[in-house]
Amino acid sequence: MKNSKITSLILLSVVFFMGGCKKEFRNPNNPTAPDILETREGLITLSIGMKQNYATSALEGLYINSGVTSREMRGTSTLQNVLDLEAGADVLPTNNGNIAQVWNRMFRVMAMADNVILNAPKIIPQDQQMLSGILAHAHIFKALTLGGLAVTFEKFPQQTNINGNAVFVTREVALQTALDLLNQAKSLIAANAPSAEFNSRVIGADFSMINIINALTARYSLWLKKYSDAYAAASLVNLTSKSQFIYTTQGQNPIFTGSVIATSYRPREFFGLTGSLLEPTDARFAFYTTAPNATVGGQNVKTLAGFFNTATTPIPVYLPDEMRLIKAEAVLFSTTPIAGTTNPGTVITEINAVRQQATGDIFGVNANLTAYSGTTDVASLTAEIYKQRCMELFLTGNRLEDSRRLGRPASPTNLVERNRNFYPYPDQERQNNPNTPVDPLF
Amino acid sequence: MKKLFKPDFGLHFLMLLLFTMTGFLSKGQVTLKGKVIGENGKPLSNVSVQLNPGNNGGTSDANGNYMFSNNIKPGKFTLVFSGVGLKTVTQQITISNNQVIENDVQLVSDPLGLDEVVVTGYGTPTRKKQIVNSISTVSGKELSGSGAQSIDAAMQGKVAGAQINQNSGNPAGGMSVRLRGPSTIAGSSEPLYIIDGVIVNNDSRQLLDLGGGAQNRLVDLNMNDVDRIEVIKGAAAAAIYGSRASNGVVQIFTKKGKEGTPQFSFSTSIKTSELRKKLEFNEVPFRFNSNSNNADLTTTPVQRFDYQDLIYRNAFGTENNLSVSGGSAGTRYYVSGSNFFNEGIIKNTDFKRNGLRLRLNQKVGNKVNFSVGANYVVSGSNDIPNGGINSAYGALTGFIFANNFVNPAKDPVTGIFPNVTTNGIGVRRTNPLEAIERFKFKQRTNRMTTDINFNYKPIEGLAIDITTGFDNYTQTATAYIPPINTTPTDNSGLSRRADATVFQTNTDLTISYNKAVKSWLQSTTVLGGTIQYDKSLGFAANANALGSFGQTINNGTIVAGEDRSERSFRGVFLQQTFGLNDKLFINAAGRFDGSSVFAAEYAQQFYPKLGASYIISNEKFWKGISNTVSFMKIRAAWGKAGNLTALGSYERFANYGAAIYGSQAGYIPSTSQGNQGARPEKQIELEVGFDANLFKDRVTVEFNYFSKKVEDLLLRRNLSPTTGFSSIPVNIGNSTNKGIEFLIKAIPVKTKNIEWSTSVSYLNVKNKVTNVGGNGTLGFANGFGLVAAVNGEQLGVHYGAFFARKPDGSLLLTPAGLPQRELGTQLNDGTFIIGRDATTGQPKGAGLVKVIGRPLPKHVVSFINTVNIKRFALRMQWDGQYGFDVFNFTKRVGAREDYGGLKAYEPELRGEVPKGTSRAVFSIFENWIEKGDFTKLRELSLSYQLPGKLWKFKTASFTAAGRNLLVITNYSGYDPETNAAGQDNAVRGFDFVEVPLPRSFSFTVNLGF
């Protein structure tokens, strides 16, 4: 071989060295933050993802864990975190994975909502009909996360903070923020009706934003004891409109997979209700639960049915009859009479509308009971409202809040109906956020 | 170049210099020839004879004769004789024209390998004597008699400073190699493997969930092709390999052809493997009627079964190798074909490997050599899942969770396997016999590794070397669990197909220049550059809800996913070595390194190294003790190197994942925030040591002290969830590995017929991690939440609940008389305050956790003896590891009342301990930590070399070998050398029904023709 040939070979190699090597590769598997947060398409798809993540993850954390704490559900696995959640009271440690699950998942969705609310006006200011839609949508989901956190925690940030020092507010402040957000959402879609593109891509079938806004306004107003607001909002909800989260084999019903398949949590027989709270003939038992039955640690448990019986069964965003029960409770407790109602007349009417429903509920939740025959004093009606809420709103993340609001027996003196009032703050928050307040004792 | 190296280090040898000085000053035909003999006067073959300058040379043949001729200009030359395991001899000769120079030489053995030429860490061939750091070498001969299934398994005990563990007794093993301790927390501590200049992939891909274990891809290499292995153990030596080298570098050189007639070598062996030790099983002929009611002591008679008899078998294996090597002037070749088949001791498991290898070396003129190599391998396995880290459907998993009073045999009428758990919690476990009979788990790998190398020596002292290598494989895995079965979660059946296509390439350019600047000053300068690229394409699809027939995923509902990754690396290094008077050597190098894994501003990293060695025995004042210590070299080296295995190719980005809602595609953010500021982890190592020959070279000692400090460890630090994320990769952690290692080789007996050589290697390493973030503890997946990094502790401590104790150390029992967990207030860094109820004195507070076990051995020892008596060779290798704990999760499960298949549950049944004890201690993890110290007879072999020809074969030898014959340990499980988490970096010493290492016997016939 000639020297010149060799020299050129070496030179070629050197050239290859200098230029033959790409220094940066785009991620072919995933979009990254600029793709999502700085483009119109990114914000639309983030809105879809936010909804999916709430439906398949945040909702599960709230429904199952607060369900265990309020004794609707029974943790059946022998894992330490489940045993501790089941024990509740002061046994529940701050490093419990289940309480972290509620916290982490809600804030994950809240961060998505915060990002949409922050970026959408900058990225798509011209497309008002898309902007109003995805902003209203983000407001709804942020309100849902604030509401979910208010069920389980006494204080929490109402805004995510990337620097890790989010400021805590009381749940009352956060619920008022949720109401403000819902109100803004209503104004947004009133001012600019969302575009057809938004409706077909982000909303899809069976998701009525206006009814959801009114239903959540009614719910959170009731929790804040703003009875006339609650009544007014509940009255605006169209009880024949259906709003639900849908599931597919790729994004499965999380309570079906978490409870029915994994059998880590199972519904207590009669939803855990006993004594005067139990009416065994209630048709809703058979709607929500089924065989096979089992006994775990002396507790009879059943298998979930209702909205949780297959991987693709939809879960309602809210149940229409919740509005009737909100009205009943608002009328019962409102210190100033609400126009067009009588107390207890309207209370009993609304209760009976739930009790006596034999058919016709759009979700099929029919009690098929006789009319209310108890006494009409406030305590009895309160107990009846609580019972109907437990039955109608089984495993919807409401019962812990209902139990507190309606003054049911409380932890730590009585663990029968709820083993904890509020959860302690997860270790991961406390270790990284100096603003984390003192844990509630029970 | 070699004239500075004096041909003696106080040694005696015989040399004959025959030359005449006649003639002309023009080029003429010169022939050099002669005979090379060894210490015993017998001819030595394969000794390289090199005439410098000018690249003329040859190799001695089987009779020790060498001869080469060329047109050579008269002048002064050096003639260098070198061979593996021999001390190099250099002679000054003067050549005149047209003459025949006959020169016989005797070479003596070189027990410390000081004249051995090594490459790793230097970039250019360098004599071991000159290097400033320690380097371990293993010859191919040491590997091939070991009876092991892979190169890394065969290396066990043969590299000082290495802890090599076999994690699984599966027929393809699953090996972990740690050089001077683990060097990362979140990444991989496996060294960088280079084969013939090609960076090869040694991933342990878990394409199937086999319970935690996986094959590591070094298993694709046939160890019979290995000529030698060089190992450098840390940054002090490995800096020139840059960001990938902090775990050390293992460089493997395969065999090359030799000039001459074709040499055929054939070996065939058979192997049997068996379970070395059975776990003692529960033989009490009754069971309690109630497990939950401690007051109910009523029982029912039962028949107990030993499932192990039904799961394990005596396995069989075969191995065949055929190689041909040879060459004519300028061209040499080596070709081999191999076939390996190894059954596992679990029924229906096996591993097979078929491979072809080619190595071609071509000389072009006097200045250019080029070489091409290719290795094609097809390997495959039939697997049965075992171990319980991930999957709950394994055979041994089923065994340990089974109630052994259930007869596991299938119903003879329906063919249905019974559920083997009857406990009340309603969780099913797989019937092990069903897993063996009905599950079909298979893996197959197609691998092609090729390299091409050009070496050009344009002028004396200058060498330019270019190597390009490709390593490319596709690993395909399939799993099938038929529907209607006893598995806990796959009753509707499971079909899985997973593929990984991996491509790696590297091109390395090395320019070295060697010059005698002054008569006393030798200089070697090396300029090197590398570009590397790798790509992997992963695909996996699962199907469930299968029909009753058909094993492919199309028989059910499919969920599929894929992952692609690309990375590139660039590096340039400059290295300078000075040799002063052939006794003081100084080496300095620096490498600039870049990787696409990191953002541009952090991609460029600088890794320097500096070292010096001093052959003190060359000084005059040493003469007095040179009879006792004939050679003494002291050395010190310091360097930096990086590790980037802790960060995925795209992990620095804030990534979003697909989330499909209905039929609309959406995206959600990853729970990891991403960090553009992430940098490679950086190791700084200081190594100080000496090499010495004692008692007329009968004893050699290599000793090292090392201190590794790893900074900027990439950890996924927790974020407050109110950020919207749960973690971020940040460079916060630190760790250290400090220790000593030594290797002592001795030849206690050496007579005409008998030679006994012995060697002891020892490693003592202490690992410590700090700055793990959060509350000073960081848990690891794959360890059931019971393995963590804790500030101030070694990596991967067992971390969990412990017994409540009285001040005197005895157990504080519950009022019912049962052991209980300690309670109190948990503090940072694994500390706590014990809580006691003021009135009852019982534990009070939250459940406490602490460090309960330390899985990394303090002492790793290997003791090898070889005795050659005439034509017999007896070899014995003992390995030991001491000062570490094993988490006996296997016993924890088998001793519990709900499962109760092990003898450890018997005391409760027989009433020797209160009923309820096994349940009480089940989750007090301290109870399940055992000392793992073991001494193992790793290898024992006896070979016999036939004196003459055997039929048509020139040489013939027979070897009988045993492996893992005997384990001396107090550990109660199968074997303390196990890890259910496979090659996991942090989760170590975790015994959870992984397949135990078999005891095996092999018989091999080697034929040469």
# chains A, B, ... in the order shown; residues from 1 in each chain; ligands from 1
call {"tool": "interface_residues", "arguments": {"of": "chain A", "to": "chain B", "cutoff": "7 Å", "atoms": "only C-alpha atoms", "output": "ChimeraX atom specification"}}
result
/A:1,17,21-25,27-33,45-46,48-50,52,91,93,104,107-108,111,160-164,166,201,246-248,251,428-429,431-433
call {"tool": "select_by_dssp", "arguments": {"residues": "stretch 467-655 of chain B", "states": "strand (DSSP E or B)", "output": "PyMOL selection string"}}
result
chain B and resi 467-481+494-518+521-544+557-580+584-595+605-615+629-643+655
